[in-house]
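One structure below.
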Amino acid sequence: MMDIKIEKTTAPKAKPTDESKLGFGHIFTDHMFVMNYDAGKGWNNPRIVPYGDFPISPAAMCLHYGQEIFEGLKAYRTADGTIQLFRPQENYKRMNNSAKRMVIPEIDEEFMLYATKELVKMEADWVPHSDGTSLYIRPFIFATDPYVGVKPADHYLLMIILSPSGAYYSTGLNPVKIYVENQYVRAVRGGTGFAKTAANYAISLAGQAEAHEQDYEQVLWLDGVERKYVEEVGSMNIFFVIDGEVITPELTGSVLPGITRMSALEVCKSKGYKVSERRISIQEIADAYDNGKLDEVFGTGTAAVISPVGHLKWGDKVMTINNNEIGPISQMLYDTMTGIQWGKIPDKFGWIEKID
Ligand SMILES: *Cc1c(COP(=O)(O)O)cnc(C)c1O
């Protein structure tokens, strides 16, 4: 395994004292991990250096043609002070799948897990203590060649930055309002929907803005071809409970394969629920609603874990789900997954990776 060079900051920042005001994605720790890729040489020069701005060429290829991928995971502090990660191997496996699609050189998954642990260990004091808080981990790779032409780059930077983040639900598990997008699409089969890449977010902003204008928080995307089948929400996968059956759209290439999605499916199966990964149309959901069989709707993702959906708007139809309250399966999943993540219940699935 490559050695990681360490350069410590001489000017450590004051850590946030009021953990109720952490929010998400604004504060960064003292250090970051950096590694270069150069054609012919491969990934090289892994290092942990002081967090800060760095120079980049105005012609850097990532700025012009968007060759970039990222990941998102969290470090959790347990009651006894241990810091732990949730299925981090899955993040680096997915990062390599994203890399292949975007013609970015693949990484050594085992080395990246080691680098992540080393960085988090060094920044352990930045992992917040209050209930529901965590340290968000953002690995990303982007093309740096100074060249304004379209081709896969020869030079890349891989970085990991860390951001202490607040409890997602400071006021309880409030259901979100979701708007079914009829005009724009997010992804099509054969495109980049399954890759965690900046482009997928750039193209989602217009629909998101439209939802906000109508006082909805997030967009539910339909398939890009027929615009009939449900795909996913902004940065979450989506689940429906219809007549006791837990349903989520199957992974066809246009849906991001969420690690929370995969884990929620495994938890539901282990508890004996009927679980289906299949195509589900928005019409089927509306019909289930009209027949009183749409029991629960929820999103899954690293940020919120489980996000109950209270309102779903499709054209002129507004569906109010489970009285705008969290349902029993959503609550069970939330309690089980956050229980494992923060070490409050035994991890019988083997999902936890401790940082020692
Ligand atoms: C990251 C992401 C998700 C959720 O994935 P998790 O691994 O569960 O955090 C869902 N949809 C999109 C578009 C994403 O980028």
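Residues are referred to by chain and number: the chain letter is A, B, ... according to the order shown in the structure tokens, the number counts from 1 in that chain, and ligands are numbered separately from 1 in the order shown.
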
How would you report the residues lying within 10 Å of ligand 1, as a PyMOL selection string, if you count only C-alpha atoms and all ligand atoms? chain A and resi 70-74+87-88+90-91+94+186-187+193-198+200-201+204+231-238+254-264+299-306

Atom CA of A:Tyr216 and atom CA of A:Val180, how far apart in Å?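 Interatomic distance, atom CA of A:Val180 to atom CA of A:Tyr216: 9.8 Å.
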
As a PyMOL selection string, please: every residue in stretch 93-204 of chain A that a backbone DSSP assignment puts in helix (DSSP H, G or I). chain A and resi 93-101+109-122+124-126+198-202

Identify which of the residues A:Glu226, A:Ile282, A:Leu135, A:Tyr334 lies closest to A:Trp314, counting only C-alpha atoms when measuring atom-to-atom distances. A:Ile282

A:Leu162 proximity check over A:Tyr136, A:Trp126, A:Tyr51, A:Phe239, using only C-alpha atoms: winner is A:Tyr136

Env of A:Trp43: 10 Å cut, atoms = only C-alpha atoms, seq-sep filter 2 positions within chain, self excluded. Answer as a ChimeraX atom specification. /A:2,35-41,45-46,105-108,155-158

May I have all residues of stretch 132-347 of chain A that DSSP, computed from the backbone, assigns to strand (DSSP E), given as a ChimeraX atom specification? /A:134-143,155-165,176-180,218-222,230-233,237-242,245-248,274-277,294-301,305-314,317-320

Residues within 9 Å of stretch 10-19 of chain A, please, as a compact mmCIF listing (two decimals) with N, CA and C atoms, in the first residue's frame. Count only C-alpha atoms; anything in the same chain fewer than 4 positions from it doesn't count.
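Writing the result to part39.txt gives the following:
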```
# COMPACT_ATOMS: atom_id res chain seq x y z
N GLY A 23 -25.64 22.88 10.53
CA GLY A 23 -26.22 22.82 9.18
C GLY A 23 -25.52 21.76 8.36
N ILE A 27 -19.04 24.05 6.71
CA ILE A 27 -17.83 24.11 7.53
C ILE A 27 -16.91 22.96 7.12
N THR A 29 -13.01 20.86 7.76
CA THR A 29 -12.06 20.59 8.83
C THR A 29 -10.68 21.15 8.47
N ASP A 30 -9.67 20.84 9.26
CA ASP A 30 -8.33 21.43 9.08
C ASP A 30 -7.53 20.80 7.95
N PRO A 50 -2.98 20.65 4.78
CA PRO A 50 -3.95 21.60 5.34
C PRO A 50 -5.08 21.87 4.34
N ASP A 125 -11.40 14.91 16.26
CA ASP A 125 -12.02 15.91 17.14
C ASP A 125 -13.08 16.74 16.42
N TRP A 126 -13.11 16.63 15.10
CA TRP A 126 -14.12 17.36 14.32
C TRP A 126 -15.42 16.58 14.18
N PRO A 128 -18.71 15.64 15.38
CA PRO A 128 -19.52 16.23 16.44
C PRO A 128 -20.11 15.18 17.38
N HIS A 129 -20.54 15.66 18.55
CA HIS A 129 -20.97 14.76 19.63
C HIS A 129 -22.48 14.66 19.78
N SER A 130 -23.22 15.68 19.40
CA SER A 130 -24.66 15.70 19.71
C SER A 130 -25.42 14.65 18.90
N THR A 133 -25.82 14.14 14.83
CA THR A 133 -24.79 14.84 14.05
C THR A 133 -23.78 13.83 13.51
N PRO A 164 -18.26 18.76 9.24
CA PRO A 164 -19.17 18.40 10.34
C PRO A 164 -20.58 18.83 9.98
N SER A 165 -21.55 17.94 10.19
CA SER A 165 -22.90 18.31 9.80
C SER A 165 -23.90 18.05 10.91
N GLY A 166 -24.90 18.89 10.93
CA GLY A 166 -25.89 18.89 12.01
C GLY A 166 -26.89 17.77 11.87
N ALA A 167 -27.72 17.62 12.88
CA ALA A 167 -28.79 16.63 12.84
C ALA A 167 -29.73 17.02 11.70
```

Could you tell me which of A:Lys274, A:His64, A:Lys228, A:Lys177 comes closest to A:Val297 if we count only C-alpha atoms?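 Nearest to A:Val297: A:Lys177.
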
Of the listed residues A:Gln214, A:Gln89, A:Thr338, A:Ser20, that which approaches A:Thr116 most closely, counting only C-alpha atoms: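 Among the listed residues, A:Gln89 lies closest to A:Thr116.
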
Of A:Tyr229, A:Tyr168, A:Phe33, A:Phe54, the one nearest to A:Glu123 when counting only C-alpha atoms is A:Phe33
